[in-house]
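See below for coords_34.txt, which holds compact mmCIF, C-alpha atoms.
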# COMPACT_ATOMS: atom_id res chain seq x y z
CA MET A 16 160.14 139.88 220.19
CA TYR A 17 157.81 142.67 219.15
CA GLY A 18 158.62 145.63 216.89
CA TYR A 19 159.54 148.21 219.51
CA GLU A 20 161.56 145.61 221.43
CA ILE A 21 163.57 144.85 218.29
CA THR A 22 164.41 148.54 217.75
CA GLN A 23 165.48 148.80 221.40
CA ALA A 24 167.65 145.68 221.12
CA VAL A 25 169.38 147.06 218.03
CA GLU A 26 170.02 150.39 219.74
CA GLU A 27 171.29 148.69 222.87
CA ARG A 28 173.61 146.26 221.09
CA THR A 29 175.12 149.01 218.96
CA SER A 30 175.36 151.43 221.90
CA GLY A 31 173.00 153.81 220.18
CA GLU A 32 175.03 153.92 216.95
CA LEU A 33 172.26 152.31 214.95
CA THR A 34 168.65 153.40 215.20
CA LEU A 35 165.99 151.35 213.50
CA THR A 36 162.91 153.37 212.62
CA PHE A 37 159.48 151.79 212.32
CA GLY A 38 159.48 152.77 208.63
CA ALA A 39 162.48 150.54 208.07
CA LEU A 40 161.53 147.76 210.44
CA TYR A 41 157.91 146.81 209.76
CA PRO A 42 158.10 146.39 205.97
CA VAL A 43 160.98 143.96 206.48
CA LEU A 44 159.18 142.06 209.24
CA HIS A 45 156.02 141.77 207.18
CA LYS A 46 157.97 140.65 204.11
CA LEU A 47 159.72 137.92 206.11
CA GLU A 48 156.36 136.87 207.53
CA ASP A 49 154.97 136.76 204.02
CA GLU A 50 157.85 134.51 202.95
CA GLY A 51 157.19 132.13 205.83
CA LEU A 52 160.42 132.91 207.67
CA LEU A 53 158.59 134.46 210.62
CA VAL A 54 155.38 133.66 212.45
CA THR A 55 153.46 136.06 214.64
CA GLN A 56 151.40 135.86 217.76
CA SER A 57 149.20 138.76 218.83
CA GLN A 58 148.48 139.52 222.44
CA GLU A 59 146.70 142.37 224.18
CA VAL A 60 149.09 144.27 226.43
CA ASP A 61 148.15 147.44 228.34
CA GLY A 62 145.00 147.93 226.28
CA ARG A 63 146.66 147.61 222.88
CA LEU A 64 147.46 144.79 220.53
CA ARG A 65 151.06 143.62 220.51
CA LYS A 66 152.44 141.39 217.78
CA TYR A 67 155.30 139.06 218.67
CA TYR A 68 157.57 137.74 215.93
CA MET A 69 159.24 134.35 216.03
CA LEU A 70 161.51 132.58 213.56
CA THR A 71 160.16 129.46 211.87
CA PRO A 72 162.54 126.45 211.44
CA THR A 73 163.09 127.60 207.84
CA GLY A 74 163.63 131.14 209.12
CA SER A 75 166.27 129.95 211.60
CA ALA A 76 168.11 127.99 208.91
CA THR A 77 167.94 130.98 206.56
CA ALA A 78 169.22 133.30 209.30
CA VAL A 79 172.26 131.06 209.91
CA ARG A 80 172.98 130.91 206.18
CA LYS A 81 172.58 134.68 205.76
CA VAL A 82 174.88 135.41 208.70
CA ASP A 83 177.53 133.14 207.15
CA GLU A 84 177.14 134.88 203.80
CA PHE A 85 177.41 138.29 205.46
CA GLU A 86 180.53 137.32 207.41
CA ARG A 87 182.13 136.08 204.20
CA PHE A 88 181.20 139.36 202.52
CA ILE A 89 182.81 141.35 205.35
CA GLN A 90 185.94 139.19 205.09
CA LEU A 91 186.17 139.94 201.37
CA MET A 92 185.66 143.66 201.97
CA ARG A 93 188.45 143.62 204.55
CA LEU A 94 190.71 141.92 202.06
CA LEU A 95 189.87 144.54 199.47
CA ILE A 96 190.52 147.45 201.82
CA ASN A 97 193.57 145.97 203.59
CA PRO A 98 195.08 143.30 201.33
CA SER A 99 197.40 140.90 203.15
CA PRO A 100 201.07 141.07 201.98
CA THR A 101 200.91 137.51 200.60
CA VAL A 102 198.03 138.37 198.28
CA THR A 103 198.98 140.03 195.02
CA PHE A 104 196.62 141.68 192.58
CA GLY A 105 198.38 141.54 189.20
CA HIS A 106 201.50 143.70 188.63
CA MET B 26 157.53 152.36 234.41
CA ASN B 27 154.87 154.63 232.91
CA ARG B 28 151.86 153.15 231.17
CA LEU B 29 149.49 155.14 228.99
CA SER B 30 145.97 155.53 230.31
CA ARG B 31 142.92 154.60 228.25
CA ASP B 32 142.31 158.28 227.36
CA GLN B 33 145.93 158.85 226.34
CA LEU B 34 145.82 155.74 224.19
CA THR B 35 142.56 156.88 222.59
CA ARG B 36 144.11 160.27 221.81
CA LEU B 37 147.09 158.60 220.18
CA GLU B 38 144.81 156.28 218.23
CA GLN B 39 142.75 159.23 216.95
CA GLN B 40 145.90 161.06 215.92
CA LEU B 41 147.15 157.99 214.11
CA GLN B 42 143.82 157.50 212.32
CA GLN B 43 144.12 161.02 210.87
CA THR B 44 147.25 159.99 208.98
CA ARG B 45 145.37 156.98 207.56
CA PRO B 46 148.17 154.43 207.79
CA HIS B 47 148.07 151.13 205.92
CA GLN B 48 145.74 148.63 207.61
CA ALA B 49 148.52 146.06 208.03
CA LEU B 50 150.43 148.60 210.10
CA GLN B 51 147.75 150.24 212.24
CA ALA B 52 147.82 148.05 215.36
CA GLU B 53 151.59 147.73 215.38
CA LEU B 54 152.16 151.44 214.86
CA LEU B 55 149.87 152.22 217.77
CA ASP B 56 151.80 149.86 220.05
CA HIS B 57 155.14 151.16 218.76
CA MET B 58 154.27 154.81 219.25
CA ALA B 59 152.69 154.15 222.64
CA SER B 60 155.89 152.38 223.70
CA LEU B 61 157.97 155.35 222.47
CA ILE B 62 155.81 157.77 224.45
CA GLU B 63 156.10 155.62 227.56
CA GLN B 64 159.88 155.50 227.14
CA ARG B 65 160.08 159.29 226.97
CA MET B 66 157.78 159.61 229.95
CA ASP B 67 160.16 157.31 231.84
CA GLN B 68 162.94 159.75 230.97
CA GLY B 69 161.00 162.51 232.71
CA HIS B 70 158.99 164.08 229.90
CA SER B 71 155.35 164.94 230.33
CA PHE B 72 152.79 163.05 228.26
CA SER B 73 152.15 166.11 226.06
CA ASP B 74 155.86 166.62 225.30
CA ALA B 75 156.43 162.93 224.65
CA PHE B 76 153.31 162.78 222.49
CA ASP B 77 154.41 165.75 220.36
CA GLN B 78 157.90 164.34 219.89
CA VAL B 79 156.63 160.96 218.77
CA ILE B 80 153.98 162.44 216.48
CA GLN B 81 156.67 164.56 214.85
CA GLN B 82 158.66 161.41 214.20
CA ALA B 83 155.62 159.76 212.62
CA ASN B 84 154.70 162.71 210.41
CA PRO B 85 152.10 162.28 207.64
CA GLN B 86 154.76 162.34 204.90
CA ALA B 87 156.66 159.45 206.48
CA LEU B 88 153.46 157.47 206.94
CA ASP B 89 152.37 158.21 203.37
CA GLN B 90 155.68 156.87 202.06
CA LEU B 91 155.22 153.80 204.20
CA LYS B 92 151.68 153.33 202.93
CA ASP B 93 152.85 153.58 199.31
CA LEU B 94 155.54 151.02 200.04
CA TYR B 95 152.98 148.65 201.51
CA LEU B 96 150.65 149.09 198.57
CA GLN B 97 153.51 148.13 196.25
CA GLU B 98 154.90 145.29 198.34
CA PHE B 99 151.69 143.80 199.70
CA PRO B 100 148.93 144.71 197.24
CA THR B 101 146.76 141.77 198.30
CA GLN B 102 146.83 142.62 202.00
CA SER B 103 144.03 144.80 203.18
CA SER B 104 141.95 145.22 206.28
CA THR B 105 139.22 142.84 207.28
CA ILE B 106 136.80 145.75 207.00
CA LEU B 107 137.83 146.54 203.47
CA LEU B 108 138.33 142.95 202.36
CA ARG B 109 134.81 142.26 201.09
CA PRO B 110 134.22 145.55 199.19
CA THR B 111 137.69 145.31 197.67
CA ARG B 112 137.03 141.82 196.32
CA ILE B 113 133.65 142.87 194.96
CA GLY B 114 135.29 145.94 193.46
CA LEU B 115 137.89 143.80 191.78
CA ARG B 116 135.19 141.51 190.40
CA HIS B 117 133.37 144.52 188.99
CA GLN B 118 136.61 145.80 187.49
CA ARG B 119 137.20 142.47 185.82
CA ARG B 120 133.66 142.29 184.36
CA PRO B 121 134.19 144.59 181.35
CA ALA B 122 137.21 142.54 180.35
CA THR B 123 135.11 139.36 180.16
CA LYS B 124 132.48 140.94 177.88
CA PRO B 125 134.36 140.39 174.59
CA PHE B 126 134.69 136.72 175.53
CA GLN B 127 130.92 136.51 176.18
CA TYR B 128 130.17 138.12 172.80
CA MET B 129 132.58 135.73 171.10
CA LEU B 130 130.93 132.72 172.76
CA LEU B 131 127.45 133.97 171.86
CA SER B 132 128.37 134.57 168.21
CA SER B 133 130.03 131.13 168.00
CA VAL B 134 126.92 129.41 169.36
CA LEU B 135 124.71 131.38 166.94
CA THR B 136 126.93 130.50 163.98
CA PHE B 137 126.89 126.85 164.97
CA LEU B 138 123.07 126.81 165.17
CA ILE B 139 122.73 128.53 161.76
CA LEU B 140 125.16 126.03 160.24
CA MET B 141 123.29 123.09 161.70
CA GLY B 142 120.02 124.51 160.42
CA PHE B 143 121.54 124.92 156.97
CA LEU B 144 122.83 121.34 156.99
CA VAL B 145 119.51 119.90 158.12
CA VAL B 146 117.19 121.99 155.92
CA VAL B 147 119.19 122.83 152.81
CA SER B 148 121.82 120.18 152.27
CA ARG B 149 119.52 117.11 152.42
CA PRO B 150 117.87 117.65 148.99
CA LEU B 151 121.26 118.47 147.42
CA ALA B 152 123.11 115.52 148.95
CA ILE B 153 124.59 112.89 146.59
CA PRO B 154 123.29 109.43 147.54
CA ILE B 155 125.99 106.99 148.70
CA ASP B 156 124.91 104.49 146.02
CA ALA B 157 126.27 106.87 143.39
CA PHE B 158 129.83 106.05 144.46
CA ARG B 159 129.27 102.31 144.17
CA THR B 160 129.10 102.43 140.41
CA GLY B 161 132.08 102.73 138.06
CA TRP B 162 131.23 106.39 137.32
CA GLY B 163 131.10 107.20 141.01
CA ALA B 164 134.53 105.66 141.66
CA LEU B 165 135.89 107.54 138.67
CA GLY B 166 134.45 110.84 139.96
CA LEU B 167 135.92 110.25 143.40
CA THR B 168 139.34 109.51 141.88
CA GLY B 169 139.02 112.69 139.82
CA ILE B 170 138.26 114.77 142.91
CA LEU B 171 141.27 113.29 144.71
CA ALA B 172 143.50 113.97 141.70
CA ILE B 173 142.37 117.64 141.48
CA ARG B 174 143.00 118.06 145.22
CA TRP B 175 146.49 116.59 144.86
CA TRP B 176 147.22 118.87 141.89
CA LEU B 177 146.02 121.95 143.80
CA SER B 178 148.10 121.07 146.84
CA ARG B 179 151.17 120.87 144.60
CA ARG B 180 150.47 124.31 143.13
CA ASN B 181 150.00 125.96 146.54
CA PRO B 182 152.79 124.68 148.73
CA LYS B 183 152.60 125.42 152.42
CA PRO B 184 154.25 128.70 153.43
CA LYS B 185 157.66 128.37 154.99
CA ARG B 186 157.89 128.80 158.73
CA TYR B 187 160.35 131.28 160.00
CA GLN B 188 161.93 130.73 163.35
CA THR B 189 162.69 133.59 165.62
CA THR B 190 165.63 133.47 167.91
Just give me the structure as structure tokens.
Amino acid sequence: MYGYEITQAVEERTSGELTLTFGALYPVLHKLEDEGLLVTQSQEVDGRLRKYYMLTPTGSATAVRKVDEFERFIQLMRLLINPSPTVTFGH
Amino acid sequence: MNRLSRDQLTRLEQQLQQTRPHQALQAELLDHMASLIEQRMDQGHSFSDAFDQVIQQANPQALDQLKDLYLQEFPTQSSTILLRPTRIGLRHQRRPATKPFQYMLLSSVLTFLILMGFLVVVSRPLAIPIDAFRTGWGALGLTGILAIRWWLSRRNPKPKRYQTT
């Protein structure tokens, strides 16, 4: 996927609720590339250079781990906001 | 689907160059903004309208902030055009810092040569021949020197070492 395509995918999947600006996107992409989690491939499209980003095997493994961590975090936040009746927090 | 013509792309490129974005971003920003313009043109906007809208979004302040961020995050990344002068510049910047080391090395070499000269020229006539220590008086003198050294070392004990936590 290339930068603009990623922003479009985010907008589409969140039904326009979340807009990713290039100022937020590219620093993150370049940082992940720097860390070896992404690799790029440049290609000329319609007279301009387009850079496609792909996950490396390490990047894929890290993505799976991060998603798990994030889901666990959301679970904990839900518990904090709506504690189940069986869970007690002190007196 | 609309595609930008060569002239439209050149105009966008010139506009982008005016904001002087970070080199690592230039090509991608051009593609991103061109794609945004094309999207708006697909929605029925004219090129001029779409161009103005996208340029507003990528205002110089936003690009400046982005450039600062890149300079902080990726200080080693620079353009291929600027790569050579930057490295040379860095080498020149480092040069003054190495000067004290050069002076230190030079003075050490000079001191060593003077010392060697002193040893060769001056100390030879003053040297005590080794045969002097083979006699009873020589052995006695050597023992005396060792005894004085031992006595001095007792008088000046080594300073205590303090440990920091």
Compare B:Gln43, B:Ala164, B:Gln64, B:Leu91 by their minimum atom-to-atom distance to chain A, counting all atoms listed in the file, and give me the closest one. B:Leu91
Mind checking which residues fall within 12 Å of Arg31 (chain B), counting all atoms listed in the file, ignoring those fewer than 2 positions away in the same chain, and posting them as a CSV table (one decimal) with C-alpha atoms, in the frame of the given file?
chain,number,residue,atom,x,y,z
A,61,ASP,CA,148.2,147.4,228.3
A,62,GLY,CA,145.0,147.9,226.3
A,63,ARG,CA,146.7,147.6,222.9
B,28,ARG,CA,151.9,153.2,231.2
B,29,LEU,CA,149.5,155.1,229.0
B,33,GLN,CA,145.9,158.8,226.3
B,34,LEU,CA,145.8,155.7,224.2
B,35,THR,CA,142.6,156.9,222.6
B,36,ARG,CA,144.1,160.3,221.8
B,37,LEU,CA,147.1,158.6,220.2
B,38,GLU,CA,144.8,156.3,218.2
B,59,ALA,CA,152.7,154.2,222.6
So that each row is one residue of chain A with an atom at most 7 Å from chain B, can you give its shortest atom pair and the distance in Å to one decimal, using all atoms listed in the file, rows by chain and rising number, as JSON lines?
{"residue": "A:Gly18", "atom": "CA", "partner": "B:His57", "partner_atom": "CA", "distance": 6.8}
{"residue": "A:Tyr19", "atom": "CA", "partner": "B:His57", "partner_atom": "CA", "distance": 5.4}
{"residue": "A:Gly38", "atom": "CA", "partner": "B:Leu91", "partner_atom": "CA", "distance": 6.2}
{"residue": "A:Arg63", "atom": "CA", "partner": "B:Asp56", "partner_atom": "CA", "distance": 6.3}
{"residue": "A:Leu64", "atom": "CA", "partner": "B:Ala52", "partner_atom": "CA", "distance": 6.1}
{"residue": "A:Arg65", "atom": "CA", "partner": "B:Asp56", "partner_atom": "CA", "distance": 6.3}
{"residue": "A:Lys66", "atom": "CA", "partner": "B:Glu53", "partner_atom": "CA", "distance": 6.8}
Restricted to C-alpha atoms, what would the selected residues look like written as a JSON list (two decimals), keeping the file's coordinate frame?
[["chain", "number", "residue", "atom", "x", "y", "z"],
["A", 18, "GLY", "CA", 158.62, 145.63, 216.89],
["A", 19, "TYR", "CA", 159.54, 148.21, 219.51],
["A", 38, "GLY", "CA", 159.48, 152.77, 208.63],
["A", 63, "ARG", "CA", 146.66, 147.61, 222.88],
["A", 64, "LEU", "CA", 147.46, 144.79, 220.53],
["A", 65, "ARG", "CA", 151.06, 143.62, 220.51],
["A", 66, "LYS", "CA", 152.44, 141.39, 217.78]]
Between CA of Val54 (chain A) and CA of Thr73 (chain A), what is the spacing in Å?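 CA of Val54 (chain A) lies 10.8 Å from CA of Thr73 (chain A).
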Kindly give the distance, in Å, that separates CA of Gly169 (chain B) and CA of Pro150 (chain B), rounded to a single decimal.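 Computed distance, CA of Gly169 (chain B) to CA of Pro150 (chain B), equals 23.6 Å.
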Atom pair CA of Asn27 (chain B) / CA of Thr36 (chain A): separation (Å):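 Distance reported for this atom pair: 21.9 Å.
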So which one's closest to Val43 (chain A), A:Glu20, A:Tyr68, A:Ser75, A:Glu86? Using only C-alpha atoms, please. A:Tyr68
